[in-house]
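Reading through the structure tokens given below for one structure.
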Amino acid sequence: MNAAPEIGLRRILKEFRWRVGLTWLLVFLEYALDAAIPLLIGLAIDDMLSGGSTQLAWLVCAFVLITAIAVLRRFYDTRAYSKIRVKLGSELDLRQQALSVSIRNARLHMATELVDFIEKDTPELFAAVITLIASAMILSSFSMDLAMSALGLLVAMLTVYLCFHHRFFRLNGGLNSQMERQVSILSARQPGQLLKHLHAIRHWQVRLSDAESIVYGLIFLLITAFVVLNLWLCSSYVGITTGSLFSIVTYSWQFGDAAVSLPTTLQSWSRLHEITIRLNNPEAHGAA
């Protein structure tokens, strides 16, 4: 008898590839247009300063098209991903009937996090990657110095996250194990045990939040240094126009802002990796 296929991101993406693929196509179109907005604004500024209005009309068309795609995607997303959650949840519960209700309840919630990642985090990752590529290309069109500073920022940010990866995995594991005990503790109707359980959850959540705060603090310091460096570089360019300066500053900030999404997504990946191991191993982490 063949073993049941593993429940995880790869399985979801393979089994529901057409539904997910359509949402990703809409995401790509939406954020590709969004990435062009600062450039279009810069062109519109220079065009209007010279008495023209053509670039402004193109800017308005881009905003309208982005809005239409965004609304259509959100209508479709809710319907597509809710069906995936139903199928995944029912299959998981059938596999883990031998476990306690407390563990089954917690893992059912954890399974929805896999779908939430594809629905909510993946579009943000797409937006980040598109913005990073577009920003790097446009910055490099002004000067390779700007592109190299962007590359340096990206490497520094990923290095910061990698230093915290194992800590995130361990802290998420502790939190998940504690959550698996919640229904059993509630069923026991012992206020002292419930208070102890809530304090334990608070302990893991605080430690996770502290680690996240340190990572984000370091990352935003790097972004600040990046934007300041690019402003300093711009000051040395001869004949730079107002619109070009706006585009450079905006794309520098957008590059840094988008780069934040990469460590955030990797952090979510750490949590989902721990959840996937748990969902596919009924004996893992305190199973009954």
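If you're wondering about the labels, chains in the structure tokens are A, B, ... by order shown, residues count from 1 in each chain, ligands from 1 in order shown.
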> Which residues come within 9 Å of Leu39 of chain A, counting only C-alpha atoms, excluding same-chain residues fewer than 4 positions away, as a list in words?
Replying inline: Ala35, Leu43, Ala44, Ile138, Gly243, Ser244, Phe246, Ser247, Ile248, Thr250 and Tyr251 of chain A
Could the residues in this selection be saved with C-alpha atoms as a CSV table (one decimal), in the first residue's frame?
```csv
chain,number,residue,atom,x,y,z
A,35,ALA,CA,6.5,48.9,-9.9
A,43,LEU,CA,8.2,61.2,-16.3
A,44,ALA,CA,4.9,63.1,-15.7
A,138,ILE,CA,16.0,51.5,-13.1
A,243,GLY,CA,11.8,64.0,-12.1
A,244,SER,CA,14.9,61.8,-12.2
A,246,PHE,CA,12.3,61.8,-7.5
A,247,SER,CA,12.5,58.5,-9.3
A,248,ILE,CA,15.9,57.6,-7.8
A,250,THR,CA,11.6,56.6,-4.6
A,251,TYR,CA,13.1,53.5,-6.1
```
Find the nearest atom pair between each residue of segment 219-280 of chain A and segment 101-108 of chain A for residues within 9 Å, count only C-alpha atoms, give distances in Å to one decimal, sort rows by chain and ascending number, and present the table as a Markdown table.
```
| residue | atom | partner | partner_atom | distance |
| --- | --- | --- | --- | --- |
| A:Ile275 | CA | A:Arg107 | CA | 8.2 |
| A:Arg278 | CA | A:Arg107 | CA | 8.1 |
| A:Leu279 | CA | A:Arg107 | CA | 6.7 |
```
Could the residues in this selection be saved with all heavy atoms as a PDB file, in the first residue's frame?
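After the write, selection28.pdb holds the following:
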```pdb
ATOM      1  N   ILE A 275       5.975  23.295  10.927  1.00  0.00           N
ATOM      2  CA  ILE A 275       4.589  22.807  10.873  1.00  0.00           C
ATOM      3  C   ILE A 275       4.466  21.607   9.947  1.00  0.00           C
ATOM      4  O   ILE A 275       3.776  20.620  10.261  1.00  0.00           O
ATOM      5  CB  ILE A 275       3.649  23.951  10.410  1.00  0.00           C
ATOM      6  CG1 ILE A 275       3.483  24.974  11.539  1.00  0.00           C
ATOM      7  CG2 ILE A 275       2.295  23.407   9.976  1.00  0.00           C
ATOM      8  CD1 ILE A 275       2.669  26.190  11.151  1.00  0.00           C
ATOM      9  N   ARG A 278       5.581  18.492  11.566  1.00  0.00           N
ATOM     10  CA  ARG A 278       4.607  18.114  12.591  1.00  0.00           C
ATOM     11  C   ARG A 278       3.364  17.453  11.969  1.00  0.00           C
ATOM     12  O   ARG A 278       2.867  16.434  12.457  1.00  0.00           O
ATOM     13  CB  ARG A 278       4.207  19.368  13.371  1.00  0.00           C
ATOM     14  CG  ARG A 278       3.391  19.133  14.616  1.00  0.00           C
ATOM     15  CD  ARG A 278       3.102  20.486  15.260  1.00  0.00           C
ATOM     16  NE  ARG A 278       4.325  21.128  15.709  1.00  0.00           N
ATOM     17  CZ  ARG A 278       4.776  21.068  16.956  1.00  0.00           C
ATOM     18  NH1 ARG A 278       4.110  20.395  17.863  1.00  0.00           N
ATOM     19  NH2 ARG A 278       5.894  21.688  17.288  1.00  0.00           N
ATOM     20  N   LEU A 279       2.853  18.033  10.883  1.00  0.00           N
ATOM     21  CA  LEU A 279       1.634  17.516  10.264  1.00  0.00           C
ATOM     22  C   LEU A 279       1.827  16.129   9.657  1.00  0.00           C
ATOM     23  O   LEU A 279       0.895  15.325   9.612  1.00  0.00           O
ATOM     24  CB  LEU A 279       1.141  18.476   9.171  1.00  0.00           C
ATOM     25  CG  LEU A 279       0.686  19.865   9.621  1.00  0.00           C
ATOM     26  CD1 LEU A 279       0.198  20.674   8.418  1.00  0.00           C
ATOM     27  CD2 LEU A 279      -0.396  19.774  10.678  1.00  0.00           C
TER      28      LEU A 279
END
```
> Ser268 of chain A: which residues within 12 Å, counting only C-alpha atoms, same-chain residues fewer than 5 positions away excluded, as number ranges by chain?
Replying inline: A: 113-114, 116-118, 120-122, 125, 161, 165, 168-169, 172, 208, 212, 261-263, 273-275
Select from segment 135-173 of chain A every residue with an atom at most 9 Å from any atom of segment 224-235 of chain A, then for each give the shortest pair of atoms and their distance in Å to one decimal, using only C-alpha atoms, rows by chain and rising number, as a tab-separated table.
```
residue	atom	partner	partner_atom	distance
A:Asp145	CA	A:Leu233	CA	7.8
A:Leu146	CA	A:Asn230	CA	6.2
A:Ser149	CA	A:Phe226	CA	6.8
A:Ala150	CA	A:Phe226	CA	7.3
A:Gly152	CA	A:Phe226	CA	8.7
A:Leu153	CA	A:Phe226	CA	6.7
```
Restricting the output to C-alpha atoms, write the selected residues as a PDB file, in the first residue's frame.
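Just written: out35.pdb:
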```
ATOM      1  CA  ASP A 145      26.938  52.842  -8.271  1.00  0.00           C
ATOM      2  CA  LEU A 146      23.255  52.906  -7.296  1.00  0.00           C
ATOM      3  CA  SER A 149      24.641  49.782  -3.310  1.00  0.00           C
ATOM      4  CA  ALA A 150      21.293  48.001  -3.777  1.00  0.00           C
ATOM      5  CA  GLY A 152      25.092  45.341  -1.019  1.00  0.00           C
ATOM      6  CA  LEU A 153      21.904  46.078   0.946  1.00  0.00           C
TER       7      LEU A 153
END
```
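Among A:Asp77, A:Glu15, A:Gly51, A:Leu29, the residue with the shortest atom-to-atom distance to Leu65 of chain A, counting only C-alpha atoms, is A:Leu29.
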>> From the options A:Leu22, A:Leu175, A:Ile66, A:Leu88, which residue's atoms come nearest to His199 of chain A, counting only C-alpha atoms?
In response: A:Leu175
> By how many Å are atom CA of Ala258 of chain A and atom CA of Gly173 of chain A apart?
Replying inline: 27.7 Å
>> Report, in Å with one decimal, the straight-line distance from atom CA of Ile69 of chain A to atom CA of Asp46 of chain A.
In response: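 Result for atom CA of Ile69 of chain A versus atom CA of Asp46 of chain A: 28.0 Å, one decimal.
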>> Residues near Gln55 of chain A, anyone? I mean within 12 Å using only C-alpha atoms, not counting same-chain ones fewer than 2 positions away, as a PyMOL selection string.
In response: chain A and resi 37+39-53+57-62+243
> By how many Å are atom CA of Lys83 of chain A and atom CA of Glu119 of chain A apart?
Replying inline: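 A separation of 12.1 Å between them.
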>> Could you check the closest approach to Arg85 of chain A for each of A:Ile12, A:Ser135, A:Ala68, A:Phe142 and tell me which residue wins, using only C-alpha atoms?
In response: A:Ile12
>> Could you check the closest approach to Tyr216 of chain A for each of A:Gln96, A:Gln267, A:Ser143, A:Ser90 and tell me which residue wins, using only C-alpha atoms?
In response: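 For Tyr216 of chain A, the nearest of the given residues is A:Gln267.
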> With only C-alpha atoms as the atoms that count, which of A:His197, A:Arg73, A:Arg11, A:Arg189 lies nearest to Glu30 of chain A?
Replying inline: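 Once distances to Glu30 of chain A are computed over only C-alpha atoms, the minimum belongs to A:Arg73.
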